[in-house]
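Shown next: data-v5.cif, containing mmCIF, C-alpha atoms.
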```cif
data_data
#
loop_
_atom_site.label_atom_id
_atom_site.label_comp_id
_atom_site.auth_asym_id
_atom_site.auth_seq_id
_atom_site.Cartn_x
_atom_site.Cartn_y
_atom_site.Cartn_z
CA MET X 4 -63.11 38.24 285.80
CA SER X 5 -62.01 41.71 284.79
CA ASP X 6 -60.94 42.48 281.24
CA VAL X 7 -58.86 45.65 281.52
CA ARG X 8 -57.63 47.38 278.40
CA THR X 9 -55.37 50.41 278.28
CA ALA X 10 -55.36 53.06 275.58
CA HIS X 11 -54.34 56.66 275.15
CA THR X 12 -57.15 59.20 274.89
CA ALA X 13 -56.26 59.72 271.21
CA ASP X 14 -56.91 56.04 270.52
CA LEU X 15 -60.37 55.89 272.10
CA ASP X 16 -63.39 56.35 269.88
CA PRO X 17 -66.04 58.94 270.80
CA ALA X 18 -68.51 56.26 271.92
CA THR X 19 -66.04 54.81 274.45
CA LEU X 20 -65.17 58.28 275.79
CA THR X 21 -68.89 59.08 276.11
CA ALA X 22 -69.48 55.78 277.93
CA ALA X 23 -66.54 56.46 280.29
CA ARG X 24 -67.84 59.94 281.11
CA ALA X 25 -71.35 58.56 281.73
CA LEU X 26 -69.90 55.85 283.98
CA LEU X 27 -68.04 58.43 286.07
CA ASP X 28 -71.13 60.64 286.25
CA ASP X 29 -72.96 57.62 287.66
CA VAL X 30 -70.18 56.62 290.07
CA PHE X 31 -69.81 60.16 291.42
CA ALA X 32 -73.59 60.75 291.53
CA GLY X 33 -73.50 63.77 289.23
CA ASP X 34 -70.53 65.36 291.05
CA MET X 35 -68.17 64.89 288.09
CA ALA X 36 -67.65 68.41 286.71
CA ASP X 37 -66.50 69.10 283.16
CA ASP X 38 -63.11 70.16 284.56
CA ASP X 39 -62.83 66.85 286.42
CA TRP X 40 -63.45 64.95 283.20
CA GLU X 41 -60.95 67.08 281.32
CA HIS X 42 -58.34 66.28 283.96
CA ALA X 43 -58.76 62.58 283.11
CA LEU X 44 -58.02 63.15 279.40
CA GLY X 45 -54.74 63.28 277.51
CA GLY X 46 -53.09 60.27 279.07
CA VAL X 47 -53.58 56.53 279.29
CA HIS X 48 -56.97 55.13 280.30
CA ALA X 49 -57.51 51.78 281.98
CA LEU X 50 -60.98 50.54 281.06
CA ALA X 51 -62.57 47.58 282.83
CA TRP X 52 -65.07 45.54 280.84
CA GLU X 53 -67.35 42.80 282.08
CA ASP X 54 -69.46 40.86 279.59
CA GLY X 55 -68.90 43.59 276.99
CA VAL X 56 -70.09 46.36 279.33
CA LEU X 57 -67.80 49.17 280.49
CA VAL X 58 -67.84 48.87 284.29
CA GLY X 59 -64.73 50.79 285.36
CA HIS X 60 -62.47 53.65 284.37
CA ALA X 61 -59.19 55.13 285.58
CA SER X 62 -56.55 57.19 283.83
CA VAL X 63 -53.05 58.47 284.36
CA VAL X 64 -51.97 61.84 282.97
CA GLN X 65 -48.65 63.63 283.16
CA ARG X 66 -48.27 66.51 285.60
CA ARG X 67 -45.37 68.33 287.21
CA LEU X 68 -45.11 68.35 290.98
CA LEU X 69 -42.49 70.49 292.71
CA HIS X 70 -40.70 68.97 295.69
CA GLY X 71 -37.28 69.43 297.21
CA GLY X 72 -36.21 71.95 294.60
CA ARG X 73 -37.10 69.66 291.69
CA ALA X 74 -39.87 69.50 289.12
CA LEU X 75 -40.92 65.85 289.13
CA ARG X 76 -42.53 64.15 286.15
CA THR X 77 -45.61 62.71 287.77
CA GLY X 78 -48.14 60.14 286.66
CA TYR X 79 -51.30 61.59 288.17
CA VAL X 80 -54.24 59.22 288.52
CA GLU X 81 -57.68 60.60 287.67
CA GLY X 82 -61.25 59.45 287.23
CA VAL X 83 -61.11 56.17 289.14
CA GLY X 84 -64.49 54.55 289.43
CA VAL X 85 -66.38 51.27 289.16
CA LEU X 86 -70.13 50.91 288.80
CA ALA X 87 -71.71 50.16 292.19
CA SER X 88 -73.29 46.96 290.85
CA ARG X 89 -69.86 45.66 289.74
CA ARG X 90 -67.72 46.50 292.78
CA ARG X 91 -65.74 43.97 294.83
CA ARG X 92 -64.89 41.92 291.73
CA GLY X 93 -61.29 43.10 291.23
CA HIS X 94 -61.92 45.76 288.61
CA ALA X 95 -60.30 48.63 290.55
CA THR X 96 -57.36 46.41 291.47
CA ALA X 97 -56.81 45.42 287.83
CA MET X 98 -57.13 49.01 286.57
CA MET X 99 -54.70 50.33 289.18
CA ALA X 100 -52.21 47.53 288.47
CA ALA X 101 -52.18 48.58 284.81
CA LEU X 102 -51.69 52.26 285.66
CA GLU X 103 -49.07 51.57 288.34
CA ARG X 104 -47.00 49.65 285.78
CA ILE X 105 -47.08 52.72 283.54
CA ILE X 106 -46.23 55.04 286.44
CA ARG X 107 -43.27 52.94 287.54
CA ARG X 108 -41.82 52.77 284.03
CA ALA X 109 -42.52 56.31 282.78
CA TYR X 110 -42.61 58.71 285.75
CA ASP X 111 -40.60 59.84 288.75
CA LEU X 112 -43.60 59.14 291.00
CA GLY X 113 -47.33 58.63 291.01
CA ALA X 114 -49.84 60.86 292.76
CA LEU X 115 -53.58 61.04 293.26
CA GLY X 116 -56.24 62.66 295.37
CA ALA X 117 -58.23 60.06 297.32
CA THR X 118 -61.52 60.18 299.13
CA ASP X 119 -61.57 58.96 302.72
CA GLU X 120 -63.44 55.85 301.53
CA ALA X 121 -60.73 54.97 298.99
CA ALA X 122 -57.65 55.75 301.12
CA ALA X 123 -57.36 52.22 302.55
CA PHE X 124 -57.55 50.70 299.06
CA TYR X 125 -54.63 52.84 297.86
CA ALA X 126 -52.63 52.28 301.06
CA GLY X 127 -52.99 48.53 300.53
CA ARG X 128 -51.41 48.97 297.10
CA GLY X 129 -48.38 50.83 298.48
CA TRP X 130 -49.56 54.40 298.00
CA ARG X 131 -48.54 56.67 300.88
CA ARG X 132 -50.43 59.65 302.23
CA TRP X 133 -48.55 62.94 301.78
CA ALA X 134 -48.07 64.43 305.27
CA GLY X 135 -46.55 67.80 304.38
CA PRO X 136 -48.07 71.08 303.23
CA LEU X 137 -49.66 71.26 299.79
CA SER X 138 -49.72 74.18 297.38
CA ALA X 139 -50.54 74.98 293.79
CA LEU X 140 -48.52 77.05 291.34
CA THR X 141 -51.33 79.40 290.24
CA PRO X 142 -51.41 82.42 287.90
CA ASP X 143 -51.18 84.49 291.12
CA GLY X 144 -48.15 82.61 292.43
CA VAL X 145 -47.78 79.68 294.81
CA LEU X 146 -50.89 79.36 297.01
CA ARG X 147 -51.43 76.87 299.83
CA THR X 148 -54.20 74.30 299.38
CA PRO X 149 -54.81 73.25 302.99
CA ASP X 150 -58.24 71.75 302.23
CA GLU X 151 -56.50 69.02 300.21
CA GLU X 152 -53.99 68.09 302.90
CA GLY X 153 -54.42 64.49 303.95
CA ALA X 154 -56.08 63.52 300.64
CA VAL X 155 -53.03 63.37 298.37
CA HIS X 156 -51.25 60.03 298.08
CA VAL X 157 -48.03 59.18 296.27
CA LEU X 158 -46.52 56.06 294.79
CA GLU X 159 -42.81 56.42 295.29
CA GLY X 160 -40.32 55.72 292.54
CA ASP X 161 -36.56 56.20 292.37
CA VAL X 162 -36.62 59.87 293.41
CA PRO X 163 -36.20 60.34 297.17
CA LEU X 164 -39.21 62.05 298.74
CA ASP X 165 -39.68 63.70 302.11
CA LEU X 166 -43.37 62.96 302.74
CA SER X 167 -43.46 65.67 305.41
CA GLY X 168 -42.01 68.28 303.06
CA ALA X 169 -43.82 70.73 300.81
CA LEU X 170 -45.44 69.53 297.59
CA THR X 171 -46.69 71.91 294.92
CA CYS X 172 -48.77 70.96 291.89
CA ASP X 173 -48.98 72.63 288.51
CA TRP X 174 -51.99 74.81 287.72
CA ARG X 175 -55.24 73.67 286.13
CA HIS X 176 -58.83 74.83 286.26
CA GLY X 177 -61.20 73.20 288.73
CA HIS X 178 -59.75 70.99 291.44
CA VAL X 179 -56.00 71.53 291.31
CA TRP X 180 -55.34 68.28 293.18
#
```
Rewrite the structure of this file - the entire thing - as structure tokens.
Amino acid sequence: MSDVRTAHTADLDPATLTAARALLDDVFAGDMADDDWEHALGGVHALAWEDGVLVGHASVVQRRLLHGGRALRTGYVEGVGVLASRRRRGHATAMMAALERIIRRAYDLGALGATDEAAAFYAGRGWRRWAGPLSALTPDGVLRTPDEEGAVHVLEGDVPLDLSGALTCDWRHGHVW
């Protein structure tokens, strides 16, 4: 049984943040850059515990996505991972349920970048793959991000979306999506 607790970054002690970063380093086999970790901070974390051990992490942070002439307040999901030895026990489902509740109540939509392996999991939860062109609002202007196309998924809210239309994210260092 998963014990999922949510807390804002400001309310997590340094030991918990260190444990969450170590967990994600393990889950992503050392491919979790400092920028990736920073992207997961500043919002609400969903932490999955099993027998007092941190076994899963996910967070939602606020971003602005531009679509259809509007800047949309977006709950962007970051740093989703469960230890390999603790998978298939409902931890990811419980963490995402907690974050989706926050997204539905506080944001215009949810968004995330998914690996091919995770796409079916998100689709089963109602997330839809963005089919249109993607771009980023960079210091040099709006630049296409074609390498990310097909990986971005959205959780629709009350704002009408054209999933085949253009979607532009705000700027940040590292992976913009």
- Message: the PyMOL selection byres ((chain X and resi 6) around 12) - which residues does that actually catch in the file I just gave you? List them as a VMD selection string.
- Response: chain X and resid 4 to 5 7 to 9 49 to 60 92 to 98 101
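What the PyMOL selection byres ((chain X and resi 22-35) around 10) matches in the given file is Pro17, Ala18, Thr19, Leu20, Thr21, Ala36, Asp37, Asp38, Asp39, Trp40, Glu41, Ala43, His48, Leu50, Val56, Leu57, Val58, Gly59, His60, Ala61, Gly82, Val83, Gly84, Val85, Leu86 and Ala87 of chain X.
When you apply the PyMOL selection byres ((chain X and resi 11) around 8) to this structure, what comes back is Thr9, Ala10, Thr12, Ala13, Asp14, Leu15, Gly45, Gly46, Val47 and His48 of chain X.
Comparing X:Ala122, X:Leu170, X:Leu115, X:Leu75 by their smallest distance to Pro149 in chain X, the closest is X:Leu170 (using all atoms listed in the file).
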- Any idea what the distance is between CA of Arg108 in chain X and CA of Val145 in chain X? 29.6 Å
- Query: Interatomic distance between CA of Ser138 in chain X and CA of Cys172 in chain X?
  - Reply: 6.4 Å
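We find CA of Gly71 in chain X and CA of Ala121 in chain X to be spaced 27.6 Å apart.
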